[in-house]
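Here's the structure we're looking at; comments come further down.
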Amino acid sequence: MITELGPNEIFVFGSNPDGWHAGGAAKTALDRFGAVWGEGHGLHGRSYAVDTMSGLGVLEEEVRAFLEFATDRPELIFLVTPIGTGIAGYDPEEVAPFFVGAPANVVLPDEFAAVLAAE
């Protein structure tokens with residue numbers, strides 16, 4: 001569990017599209033890292049919200065947009081939580097493949113890294 005960020009680190013968490021950050025990593029993002037209530041997508045403070053609650057296809061598109069964002073900001077380090085595997089109900093095997101080809105400044109959770117290493 002991430003409770004502190006180092007210099008240039010960004011906390012990447014799963015959100016619902018309405019940005020109701022009431023629990024889990026979303027609550028941590030709200031309380032500690034500058035997430036904004038009512039904003040369920042993108043960079044806010046030192047956090048980046050990814051909509052995980054609008055279906056797997058939307059999640060894939062959100063991750064694609066996030067990876068483009070991260071690629072354009074190599075000076076930042078993005079610490080990805082196991083998005084989509086909590087209340088959204090997906091397995092790491094469903095979500096991890098969306099991160100294939102992620103830039104070096106994207107740090108994946110162990111659950112995702114293990115799935116990608118096995119492929």
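By convention here, the chains of the structure tokens are called A, B, ... in the order presented, each chain's residues are numbered starting at 1, and ligands are numbered starting at 1 in the order presented.
Taking only C-alpha atoms, the non-local environment of Glu39 in chain A within 9 Å (same-chain residues fewer than 4 positions away omitted) comprises Ser15, Asn16, Pro17, Asp18, Gly19, Trp20, His21, Ala35, His44 and Ala49 of chain A.
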(request) Determine, counting only C-alpha atoms, which protein, DNA and RNA residues have an atom within 9 Å of an atom of range 64-74 of chain A; residues of the same chain fewer than 4 positions away are not included. Present the result as number ranges by chain. (result) A: 42, 48-50, 59-60, 78, 98-99, 101-106
(message) List the spatial neighbours of Gly34 in chain A as an MDAnalysis selection string - criterion: any atom at most 10 Å away, only C-alpha atoms, same-chain residues fewer than 6 positions off excluded.
(response) chainID A and resid 11 28 43:48
(message) Would you compute the distance between CA of Ile10 in chain A and CA of Leu76 in chain A? Give it in Å to one decimal.
(response) 7.1 Å
(message) For a quick check of understanding, using only C-alpha atoms, which of A:Leu30, A:Val95, A:Met53, A:Val107 has the smallest distance to Val80 in chain A?
(response) A:Val107
(request) Using backbone DSSP assignments, extract all alpha helix (DSSP H) residues from chain A; output them as a ChimeraX atom specification. (result) /A:24-32,56-71,92-95,110-118
Just N, CA, C and O atoms for this one: save the residues we selected as a short mmCIF file (atom, residue, chain, number, x, y, z; two decimals), in the first residue's frame.
data_model
loop_
_atom_site.label_atom_id
_atom_site.label_comp_id
_atom_site.auth_asym_id
_atom_site.auth_seq_id
_atom_site.Cartn_x
_atom_site.Cartn_y
_atom_site.Cartn_z
N GLY A 24 -10.94 2.64 -0.59
CA GLY A 24 -9.76 2.03 -1.19
C GLY A 24 -8.72 3.03 -1.62
O GLY A 24 -8.48 4.05 -0.98
N ALA A 25 -8.07 2.72 -2.75
CA ALA A 25 -7.00 3.57 -3.26
C ALA A 25 -7.53 4.96 -3.64
O ALA A 25 -6.80 5.95 -3.52
N ALA A 26 -8.79 5.02 -4.08
CA ALA A 26 -9.37 6.32 -4.43
C ALA A 26 -9.45 7.24 -3.21
O ALA A 26 -9.16 8.44 -3.30
N LYS A 27 -9.80 6.70 -2.07
CA LYS A 27 -9.86 7.48 -0.83
C LYS A 27 -8.46 7.92 -0.43
O LYS A 27 -8.26 9.07 0.00
N THR A 28 -7.48 7.03 -0.60
CA THR A 28 -6.09 7.40 -0.32
C THR A 28 -5.67 8.55 -1.22
O THR A 28 -5.03 9.51 -0.78
N ALA A 29 -6.02 8.46 -2.51
CA ALA A 29 -5.68 9.53 -3.46
C ALA A 29 -6.31 10.85 -3.04
O ALA A 29 -5.67 11.90 -3.11
N LEU A 30 -7.56 10.79 -2.59
CA LEU A 30 -8.27 11.99 -2.16
C LEU A 30 -7.63 12.57 -0.89
O LEU A 30 -7.38 13.79 -0.82
N ASP A 31 -7.38 11.72 0.07
CA ASP A 31 -6.88 12.19 1.37
C ASP A 31 -5.42 12.61 1.35
O ASP A 31 -5.02 13.51 2.08
N ARG A 32 -4.60 11.97 0.49
CA ARG A 32 -3.15 12.18 0.58
C ARG A 32 -2.50 12.81 -0.64
O ARG A 32 -1.44 13.43 -0.52
N LEU A 56 -14.99 -3.01 -19.16
CA LEU A 56 -13.62 -3.37 -19.50
C LEU A 56 -13.11 -2.60 -20.72
O LEU A 56 -11.94 -2.21 -20.77
N GLY A 57 -13.98 -2.36 -21.69
CA GLY A 57 -13.58 -1.59 -22.87
C GLY A 57 -13.19 -0.16 -22.52
O GLY A 57 -12.20 0.37 -23.05
N VAL A 58 -13.95 0.45 -21.64
CA VAL A 58 -13.62 1.81 -21.19
C VAL A 58 -12.31 1.80 -20.41
O VAL A 58 -11.46 2.67 -20.59
N LEU A 59 -12.14 0.81 -19.56
CA LEU A 59 -10.90 0.69 -18.79
C LEU A 59 -9.70 0.59 -19.73
O LEU A 59 -8.68 1.26 -19.54
N GLU A 60 -9.82 -0.20 -20.78
CA GLU A 60 -8.73 -0.32 -21.75
C GLU A 60 -8.41 1.03 -22.39
O GLU A 60 -7.25 1.39 -22.54
N GLU A 61 -9.44 1.78 -22.77
CA GLU A 61 -9.23 3.11 -23.36
C GLU A 61 -8.60 4.07 -22.36
O GLU A 61 -7.74 4.87 -22.72
N GLU A 62 -9.04 4.00 -21.12
CA GLU A 62 -8.48 4.86 -20.06
C GLU A 62 -7.00 4.56 -19.86
O GLU A 62 -6.19 5.47 -19.69
N VAL A 63 -6.64 3.27 -19.85
CA VAL A 63 -5.24 2.90 -19.69
C VAL A 63 -4.44 3.38 -20.89
O VAL A 63 -3.32 3.90 -20.73
N ARG A 64 -4.97 3.24 -22.08
CA ARG A 64 -4.28 3.71 -23.28
C ARG A 64 -4.00 5.22 -23.17
O ARG A 64 -2.88 5.67 -23.45
N ALA A 65 -4.99 5.99 -22.75
CA ALA A 65 -4.80 7.43 -22.58
C ALA A 65 -3.77 7.73 -21.50
O ALA A 65 -2.93 8.63 -21.66
N PHE A 66 -3.83 6.98 -20.41
CA PHE A 66 -2.85 7.16 -19.33
C PHE A 66 -1.43 6.88 -19.83
O PHE A 66 -0.50 7.65 -19.54
N LEU A 67 -1.24 5.81 -20.59
CA LEU A 67 0.09 5.47 -21.08
C LEU A 67 0.63 6.54 -22.02
O LEU A 67 1.83 6.85 -22.00
N GLU A 68 -0.22 7.12 -22.82
CA GLU A 68 0.20 8.23 -23.68
C GLU A 68 0.62 9.42 -22.82
O GLU A 68 1.64 10.07 -23.09
N PHE A 69 -0.17 9.70 -21.79
CA PHE A 69 0.14 10.79 -20.86
C PHE A 69 1.51 10.55 -20.21
O PHE A 69 2.35 11.45 -20.15
N ALA A 70 1.73 9.33 -19.72
CA ALA A 70 2.99 9.00 -19.05
C ALA A 70 4.17 9.08 -20.01
O ALA A 70 5.25 9.54 -19.64
N THR A 71 3.98 8.64 -21.25
CA THR A 71 5.04 8.69 -22.26
C THR A 71 5.48 10.14 -22.49
O THR A 71 6.67 10.41 -22.67
N PRO A 92 -6.41 -9.67 -12.34
CA PRO A 92 -5.19 -9.10 -12.93
C PRO A 92 -4.94 -9.58 -14.35
O PRO A 92 -4.43 -8.82 -15.18
N GLU A 93 -5.33 -10.81 -14.65
CA GLU A 93 -5.14 -11.36 -16.00
C GLU A 93 -5.94 -10.60 -17.05
O GLU A 93 -5.59 -10.61 -18.24
N GLU A 94 -7.02 -9.94 -16.64
CA GLU A 94 -7.83 -9.15 -17.56
C GLU A 94 -7.27 -7.75 -17.77
O GLU A 94 -7.39 -7.18 -18.87
N VAL A 95 -6.68 -7.17 -16.73
CA VAL A 95 -6.25 -5.78 -16.77
C VAL A 95 -4.78 -5.62 -17.18
O VAL A 95 -4.44 -4.73 -17.96
N ASP A 110 2.79 -5.62 -8.40
CA ASP A 110 3.31 -6.99 -8.55
C ASP A 110 2.33 -7.90 -9.28
O ASP A 110 2.75 -8.73 -10.09
N GLU A 111 1.03 -7.73 -9.00
CA GLU A 111 0.02 -8.59 -9.64
C GLU A 111 0.06 -8.46 -11.16
O GLU A 111 -0.09 -9.45 -11.87
N PHE A 112 0.22 -7.26 -11.66
CA PHE A 112 0.26 -7.03 -13.10
C PHE A 112 1.59 -7.46 -13.68
O PHE A 112 1.65 -8.07 -14.76
N ALA A 113 2.68 -7.15 -12.98
CA ALA A 113 4.01 -7.52 -13.47
C ALA A 113 4.12 -9.04 -13.62
O ALA A 113 4.70 -9.53 -14.59
N ALA A 114 3.55 -9.79 -12.67
CA ALA A 114 3.61 -11.25 -12.74
C ALA A 114 2.86 -11.78 -13.95
O ALA A 114 3.34 -12.69 -14.63
N VAL A 115 1.71 -11.21 -14.25
CA VAL A 115 0.94 -11.65 -15.42
C VAL A 115 1.73 -11.35 -16.70
O VAL A 115 1.82 -12.22 -17.58
N LEU A 116 2.30 -10.17 -16.80
CA LEU A 116 3.02 -9.81 -18.01
C LEU A 116 4.30 -10.62 -18.17
O LEU A 116 4.67 -10.96 -19.30
N ALA A 117 4.95 -10.97 -17.07
CA ALA A 117 6.16 -11.78 -17.13
C ALA A 117 5.86 -13.19 -17.60
O ALA A 117 6.71 -13.83 -18.22
N ALA A 118 4.65 -13.68 -17.33
CA ALA A 118 4.28 -15.03 -17.71
C ALA A 118 3.87 -15.15 -19.17
O ALA A 118 3.74 -16.25 -19.70
#
(message) Which of chain A end up as strand (DSSP E or B) when DSSP is run on this backbone - answer as number ranges by chain?
(response) A: 9-15, 42-44, 47-51, 77-80, 106-107
Residues of the last selection are to be written out with N, CA, C and O atoms, as a PDB file, in the first residue's frame.
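The resulting file, again.pdb, is shown below:
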ATOM      1  N   GLU A   9       6.850  11.486  -8.092  1.00  0.00           N
ATOM      2  CA  GLU A   9       6.001  10.305  -8.158  1.00  0.00           C
ATOM      3  C   GLU A   9       4.529  10.679  -8.176  1.00  0.00           C
ATOM      4  O   GLU A   9       4.103  11.622  -7.505  1.00  0.00           O
ATOM      5  N   ILE A  10       3.765   9.926  -8.958  1.00  0.00           N
ATOM      6  CA  ILE A  10       2.329  10.130  -9.114  1.00  0.00           C
ATOM      7  C   ILE A  10       1.626   8.821  -8.760  1.00  0.00           C
ATOM      8  O   ILE A  10       2.019   7.752  -9.211  1.00  0.00           O
ATOM      9  N   PHE A  11       0.566   8.909  -7.981  1.00  0.00           N
ATOM     10  CA  PHE A  11      -0.235   7.780  -7.525  1.00  0.00           C
ATOM     11  C   PHE A  11      -1.348   7.537  -8.544  1.00  0.00           C
ATOM     12  O   PHE A  11      -2.179   8.410  -8.781  1.00  0.00           O
ATOM     13  N   VAL A  12      -1.359   6.361  -9.172  1.00  0.00           N
ATOM     14  CA  VAL A  12      -2.349   6.036 -10.199  1.00  0.00           C
ATOM     15  C   VAL A  12      -3.355   5.066  -9.585  1.00  0.00           C
ATOM     16  O   VAL A  12      -2.985   3.990  -9.113  1.00  0.00           O
ATOM     17  N   PHE A  13      -4.633   5.456  -9.615  1.00  0.00           N
ATOM     18  CA  PHE A  13      -5.663   4.689  -8.919  1.00  0.00           C
ATOM     19  C   PHE A  13      -6.909   4.521  -9.768  1.00  0.00           C
ATOM     20  O   PHE A  13      -7.154   5.273 -10.708  1.00  0.00           O
ATOM     21  N   GLY A  14      -7.701   3.524  -9.414  1.00  0.00           N
ATOM     22  CA  GLY A  14      -8.975   3.288 -10.082  1.00  0.00           C
ATOM     23  C   GLY A  14     -10.062   4.148  -9.485  1.00  0.00           C
ATOM     24  O   GLY A  14     -10.132   4.336  -8.265  1.00  0.00           O
ATOM     25  N   SER A  15     -10.922   4.654 -10.353  1.00  0.00           N
ATOM     26  CA  SER A  15     -11.999   5.551  -9.945  1.00  0.00           C
ATOM     27  C   SER A  15     -13.293   5.153 -10.651  1.00  0.00           C
ATOM     28  O   SER A  15     -13.283   4.384 -11.606  1.00  0.00           O
ATOM     29  N   GLY A  42      -7.880  11.333 -15.098  1.00  0.00           N
ATOM     30  CA  GLY A  42      -6.719  12.187 -15.290  1.00  0.00           C
ATOM     31  C   GLY A  42      -5.991  12.645 -14.049  1.00  0.00           C
ATOM     32  O   GLY A  42      -6.252  12.201 -12.934  1.00  0.00           O
ATOM     33  N   LEU A  43      -5.060  13.573 -14.285  1.00  0.00           N
ATOM     34  CA  LEU A  43      -4.145  14.078 -13.271  1.00  0.00           C
ATOM     35  C   LEU A  43      -4.792  15.175 -12.432  1.00  0.00           C
ATOM     36  O   LEU A  43      -5.335  16.142 -12.980  1.00  0.00           O
ATOM     37  N   HIS A  44      -4.687  14.990 -11.136  1.00  0.00           N
ATOM     38  CA  HIS A  44      -5.120  15.997 -10.164  1.00  0.00           C
ATOM     39  C   HIS A  44      -4.160  15.907  -9.000  1.00  0.00           C
ATOM     40  O   HIS A  44      -4.013  14.832  -8.398  1.00  0.00           O
ATOM     41  N   SER A  47      -1.934  12.707  -8.172  1.00  0.00           N
ATOM     42  CA  SER A  47      -2.670  11.472  -8.434  1.00  0.00           C
ATOM     43  C   SER A  47      -3.226  11.493  -9.853  1.00  0.00           C
ATOM     44  O   SER A  47      -3.455  12.551 -10.425  1.00  0.00           O
ATOM     45  N   TYR A  48      -3.440  10.285 -10.390  1.00  0.00           N
ATOM     46  CA  TYR A  48      -4.008  10.140 -11.726  1.00  0.00           C
ATOM     47  C   TYR A  48      -5.130   9.121 -11.629  1.00  0.00           C
ATOM     48  O   TYR A  48      -4.896   7.962 -11.262  1.00  0.00           O
ATOM     49  N   ALA A  49      -6.357   9.543 -11.959  1.00  0.00           N
ATOM     50  CA  ALA A  49      -7.541   8.692 -11.878  1.00  0.00           C
ATOM     51  C   ALA A  49      -7.795   7.985 -13.203  1.00  0.00           C
ATOM     52  O   ALA A  49      -7.754   8.602 -14.268  1.00  0.00           O
ATOM     53  N   VAL A  50      -8.079   6.675 -13.106  1.00  0.00           N
ATOM     54  CA  VAL A  50      -8.424   5.849 -14.255  1.00  0.00           C
ATOM     55  C   VAL A  50      -9.807   5.260 -13.986  1.00  0.00           C
ATOM     56  O   VAL A  50     -10.009   4.593 -12.972  1.00  0.00           O
ATOM     57  N   ASP A  51     -10.757   5.520 -14.869  1.00  0.00           N
ATOM     58  CA  ASP A  51     -12.105   4.974 -14.711  1.00  0.00           C
ATOM     59  C   ASP A  51     -12.066   3.461 -14.879  1.00  0.00           C
ATOM     60  O   ASP A  51     -11.785   2.960 -15.964  1.00  0.00           O
ATOM     61  N   ILE A  77       7.304   9.703 -12.382  1.00  0.00           N
ATOM     62  CA  ILE A  77       7.237   8.264 -12.139  1.00  0.00           C
ATOM     63  C   ILE A  77       5.817   7.954 -11.686  1.00  0.00           C
ATOM     64  O   ILE A  77       5.331   8.517 -10.697  1.00  0.00           O
ATOM     65  N   PHE A  78       5.149   7.077 -12.402  1.00  0.00           N
ATOM     66  CA  PHE A  78       3.751   6.743 -12.138  1.00  0.00           C
ATOM     67  C   PHE A  78       3.663   5.398 -11.423  1.00  0.00           C
ATOM     68  O   PHE A  78       4.035   4.371 -11.990  1.00  0.00           O
ATOM     69  N   LEU A  79       3.199   5.423 -10.186  1.00  0.00           N
ATOM     70  CA  LEU A  79       3.049   4.221  -9.373  1.00  0.00           C
ATOM     71  C   LEU A  79       1.617   3.728  -9.514  1.00  0.00           C
ATOM     72  O   LEU A  79       0.680   4.324  -8.970  1.00  0.00           O
ATOM     73  N   VAL A  80       1.439   2.658 -10.261  1.00  0.00           N
ATOM     74  CA  VAL A  80       0.111   2.138 -10.568  1.00  0.00           C
ATOM     75  C   VAL A  80      -0.327   1.174  -9.470  1.00  0.00           C
ATOM     76  O   VAL A  80       0.384   0.230  -9.136  1.00  0.00           O
ATOM     77  N   VAL A 106       6.497   3.997 -15.780  1.00  0.00           N
ATOM     78  CA  VAL A 106       5.265   3.432 -15.222  1.00  0.00           C
ATOM     79  C   VAL A 106       5.649   2.187 -14.427  1.00  0.00           C
ATOM     80  O   VAL A 106       6.172   1.227 -14.977  1.00  0.00           O
ATOM     81  N   VAL A 107       5.400   2.235 -13.121  1.00  0.00           N
ATOM     82  CA  VAL A 107       5.725   1.130 -12.223  1.00  0.00           C
ATOM     83  C   VAL A 107       4.436   0.374 -11.938  1.00  0.00           C
ATOM     84  O   VAL A 107       3.498   0.920 -11.358  1.00  0.00           O
TER      85      VAL A 107
END
(request) Could you jot down the CA of Ile2 in chain A to CA of Gly38 in chain A separation for me, Å, one decimal place? (result)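 So the answer is 22.2 Å.
Each of A:Pro109, A:Glu119, A:Thr85, A:Thr3 was checked against Pro97 in chain A using only C-alpha atoms; the smallest atom-to-atom distance is that of A:Glu119.
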(request) Considering only C-alpha atoms, state which residue in the set A:Val36, A:Ile87, A:Glu75, A:Pro7 is at the smallest distance from Gly23 in chain A. (result)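 Answer, going by the shortest atom-to-atom distance: A:Ile87.
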(message) Just to confirm, what's the straight-line distance from CA of Gly55 in chain A to CA of Gly40 in chain A in Å (one decimal)?
(response) 14.2 Å
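Candidate residues A:Gly6, A:His41, A:Leu108, A:Ser54 were compared for distance to Ala96 in chain A, and the nearest is A:Leu108, using only C-alpha atoms.
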